[in-house]
Each structure stands twice: as C-alpha cells, then as structure tokens.
Amino acid sequence: MSSNRLFGLSAAKDKLLKDLSSRRQGRDGGASGGRLADADVMVPMPRFEELPGYRQMKQQKVMADTLGIPNPFFRVHQGASGATALIGNREYINFSSYNYLDLAGHPHVAERTKAAVDQYGTSASASRVVSGEKTIHRELETAIAGIYEAEDCVVMVSGHATNVSVIGHMFGPKDLVLHDALIHNSAVQGAQLSGSRRIAFPHNDWEALEKILKAERRAHEKAVILLEGHYSMDGDLPDLARFVEVKNRWGAWLMVDEAHSLGVLGETGHGIFEAQGIAPGDIDIWMGTLSKTLSGCGGYICGSAALIEYLKFSAPGFVYSVGMSPPVAGAALGSLEMMKAEPWRVSQLNKQSARFRDGAAARGFDVGPSVGAAIVPIITGSSIKAARLAAELYERGINVQPILYPAVPEKSARLRFFLSCAHTDAQIDQTLEALTESWAAVQAAGNTVKELAARLGMVLGDDN
C-alpha cells in the first residue's frame, strides 16, 4: 500500500479517528506519558512508536478490531500459490497471486532452477560489473530481448527498483517526466528521485498528454512518457498507437511497463504490442518484471544497444547491486520456454478471465474497465465493505485481497481478482455464487460515520 494506513478510511472517518484519539491522549498525558529527555541530550530522541504514520496505523487497527474485520494482510501460504493456496492447513480457491500461467512450481521451471543452482550456486556473489556475471544472465537477457525484437536487455534484482533506478538515473532537473495518473508507485518514485518536472496526465488520455507536451516540451531537454501496458488495478489497456503518435510528434521517449502484460496479452503472450498490432521498435524503452509470468523476482529493461550499455555501466540499481541470483534467472528462462512451448496457457488464461468478468458483470457487480485478461476488480465503493467482503469470502474458502483507501480513492475501494489459466469453470462459478451471497450480507450490515463514532468512542473511552 502507498501509505501506513492499514484498512483505509475516507477523509471524514480519518478525521473522526484523529479527534477521538486526541481526546484520549489529552486525558492520558500524551503519547510519551510525560517522558523527559536525558539532561545530556540537546534534542529528545524520537521513538518509533511516536511516528505519526505508525500511530495512525494503530488507530486503524482499533477501528478494524471494533468492527470485527480481520486483518487480510500477510497471510502465510504453505506452498506454491496458483488457482489454489494452502493457508492454515486449509485449501482455498486463490485469486491473490499473479501466477498467471501457472508456471511457478511447474516441473520444467523447477528443473531449470535446480540446474542453475548446481552450476552457479545460489548467489551471483558480486555485482555483475565486477565479478558477478554469469552465463545464465546473458541467456535470460537475450531471450527477453527476443520477445521485443530489441537490440539488448538488462535484468535487475527487483522490479520496483528497476523503475526507481532507471527513471531516477536517466532524467534530471532539466527534463520532463509525464506519466499516466494511475502509473505504478515505482515509476512515480523514480520520477521524484530524478528531480525532473513531473506531470501526471488523466488515465489513458493521450489528448490531454499532447496538450501538456505542447505547453511544456520546448522548455525541457529530454522528455519521457511513462505508461503501463496493462494496468494492475483496473485491468485495462492504453491505446498504444495513439501514444506512439504523440511521442513522435513531440520528440519524447515512450517507456512502457509490461509487468502485467507479458504472458497475458497477445496470442502468444508477448504483451501489448502483440495484442494491438504495434511494431515493438516503436517503443523506446520496454520495462517488465520477472515476478508474474516468469515465476521469479526482478525487473528488466529492453531497448537499443546504446541504452542497455549505458545502464549496465551507470545505473545505480545495477552497478551497486549484487547480480541476479542464478536460480531466479533459471526460473525465468524455464517459464519463457514453457510459454513458448504451450501457448494454450495464454488463451486459457484469457478465456477463464473473461468468464469471471462477464459472470460478475451479469450479477450486477462493477468490474470497472477490465478487458478480462488476468485482472478483474470488483468495485465496492467503500473500504469497509471491501474488507468485509474479503473476510466473508475467506470464510467461504476463497482468498482474495481488498484494495483500500488510500491505495485507491475511497469510492474506488475494491477486491482485485488475479486469474490463472489453472482456474477451472467450477472454481469460477463457485466463486461467483459466493461473491453474490457475501455481498448481500455485507450490504445488509452497513456502517455510517455516526455508527463508527459511537463504537470507537466506547473503545477509546470517549465520554463526551
């Protein structure tokens, strides 16, 4: 989540908690209990428990406990997670993992992983620039570059860090970074690190983007446009051809994050360019992750030979980091091989995703703009309702995560279903039935700010 708020509150509910908490603290003498600083210390040392974000998180836990909403986060999975997951010795129908092609734990992928351990050990043991370069790294980079018909590729140990390091390193105060309003946190963090002029444009709105470029482009040196090929919250796509036209008119680079596109979009799973019939060379920088379809962990950048050479010798997240663990590279290679050998996995994934999306929409659920490819939201319009709906489903043997305010606006709170090619018709139909029954129970419960005030007042000892 993008802040320390654990269960999500609207502004009104957030204010309510703060007011009640401040009354409680006034009676108790403050959070520090009147603690005096050591006489030899010029400035009192802050305590981690006094961090505003931590205190707010604890307040939210009080709210959740008061409403009887269990914490849905950090549930321990006892094995590989795909269409099902073992949690607390109980098997659940699982929609919380992006094991889209059911390859994490596949025998061929496991064999590739074990072979990499046998040959290279468990760690690269150094930055690749100095002595951590392994043959398997170049095998993987060549294979990924081939998908995008790119001159070269570089893999890094973290998908999030790939965006942060590359964007933060390549652009500076004289440059312009334009990103979709719903771009991933990692791209925003990278843009902030760069010190560039950063502007968010309305989601998927290439016309609004062009207006910004018309006003801003000439005042900056380099410009880059950041998109996702498949947006992870709503499961929708940009009109890539339009963005290519805009970037060409204004001399900007286009960087597309394919984290949730590879293995999902296109007839053979090659991503948005295949799905929309775009020449992959029309995009300047391809970015993606190894943690979804490729069954590992890490990120990659594909593009021109000059771009990749520059990053390999200068990007902090690559130069100053240990090289990718060889078994992780082996898993990714094995997954690529299976995706190529068994294209039915991609078509089956999309068939089952569409079945779930269409079935949910037919039952009156708001599935947003999802194209029905691996990611389907069920928008509840309330963080409390989303958390309660997830809890109801969990009791019925279905594991799905709520996405709460402030990760999304309160009115956009939702459950986010990740589909797998291994989900059966029976599992999907059972889930749709449980979803309908659980939602009816949640709707009947309700919860107003006034009711929360009464309940929280009792818990916090408020007698005003």
# chains A, B, ... in the order shown; residues from 1 in each chain; ligands from 1
>>> select_by_dssp(residues="region 124-256 of chain A", states="alpha helix (DSSP H)", output="PyMOL selection string")
chain A and resi 135-147+159-170+185-194+206-216+240-249
>>> select_by_dssp(residues="region 109-174 of chain A", states="strand (DSSP E or B)", output="PyMOL selection string")
chain A and resi 152-156
>>> write_last_selection(atoms="N, CA and C atoms", output="PDB file, in the first residue's frame")
ATOM      1  N   ASP A 152      18.959  -5.260 -27.194  1.00  0.00           N
ATOM      2  CA  ASP A 152      19.560  -5.823 -25.982  1.00  0.00           C
ATOM      3  C   ASP A 152      18.615  -5.653 -24.806  1.00  0.00           C
ATOM      4  N   CYS A 153      19.027  -6.213 -23.684  1.00  0.00           N
ATOM      5  CA  CYS A 153      18.209  -6.221 -22.467  1.00  0.00           C
ATOM      6  C   CYS A 153      19.130  -6.288 -21.259  1.00  0.00           C
ATOM      7  N   VAL A 154      18.685  -5.734 -20.143  1.00  0.00           N
ATOM      8  CA  VAL A 154      19.393  -5.890 -18.875  1.00  0.00           C
ATOM      9  C   VAL A 154      18.376  -6.301 -17.821  1.00  0.00           C
ATOM     10  N   VAL A 155      18.746  -7.278 -16.969  1.00  0.00           N
ATOM     11  CA  VAL A 155      17.871  -7.696 -15.875  1.00  0.00           C
ATOM     12  C   VAL A 155      18.452  -7.214 -14.549  1.00  0.00           C
ATOM     13  N   MET A 156      17.564  -6.827 -13.642  1.00  0.00           N
ATOM     14  CA  MET A 156      17.950  -6.331 -12.320  1.00  0.00           C
ATOM     15  C   MET A 156      17.215  -7.127 -11.253  1.00  0.00           C
TER      16      MET A 156
END
>>> residues_around(residues="Ala143 (chain A)", least_positions_apart="5", cutoff="9 Å", atoms="only C-alpha atoms", output="list of chain:residue names")
A:Arg138, A:Cys153, A:Leu333, A:Leu336
>>> residues_around(residues="Ala306 (chain A)", least_positions_apart="2", cutoff="12 Å", atoms="only C-alpha atoms", output="JSON, numbers by chain")
{"A": [150, 151, 152, 153, 154, 284, 285, 302, 303, 304, 308, 309, 310, 311, 312, 313]}
>>> closest_residue(among="A:Ala329, A:Cys421, A:Leu176, A:Leu415", to="Ile136 (chain A)", atoms="only C-alpha atoms")
A:Ala329
>>> residues_around(residues="Ala181 (chain A)", least_positions_apart="6", cutoff="8 Å", atoms="only C-alpha atoms", output="MDAnalysis selection string")
chainID A and resid 200:203
>>> closest_residue(among="A:Glu111, A:Glu392, A:Glu342, A:Glu437", to="Arg363 (chain A)", atoms="only C-alpha atoms")
A:Glu437
>>> closest_residue(among="A:Ile379, A:Met324, A:Ala223, A:Ala354", to="Ser196 (chain A)", atoms="only C-alpha atoms")
A:Ala223
>>> atom_distance(atom1="CA of Thr122 (chain A)", atom2="CA of Pro327 (chain A)")
6.4 Å
>>> closest_residue(among="A:Met233, A:Glu141, A:Glu337, A:Gly296", to="Ala413 (chain A)", atoms="only C-alpha atoms")
A:Met233
>>> closest_residue(among="A:His220, A:Arg112, A:Lys134, A:Arg388", to="Asp175 (chain A)", atoms="only C-alpha atoms")
A:His220
>>> residues_around(residues="Glu267 (chain A)", least_positions_apart="6", cutoff="8 Å", atoms="only C-alpha atoms", output="list in words")
Glu274, Ala275, Pro343, Val346 and Ser347 of chain A
>>> residues_around(residues="Asn71 (chain A)", least_positions_apart="5", cutoff="12 Å", atoms="only C-alpha atoms", output="list in words")
Leu6, Phe7, Gly8, Gln60, Lys61, Val62, Met63, Ala64, Asp65, Ile384, Ala387, Arg388, Ala390, Ala391, Tyr394, Gln401 and Pro402 of chain A
>>> closest_residue(among="A:Lys214, A:Ala360, A:Gly323, A:Asp429", to="Ser123 (chain A)", atoms="only C-alpha atoms")
A:Gly323
>>> atom_distance(atom1="CA of Ala219 (chain A)", atom2="CA of Ala187 (chain A)")
22.3 Å
>>> atom_distance(atom1="CA of Asp236 (chain A)", atom2="CA of Ser438 (chain A)")
26.0 Å
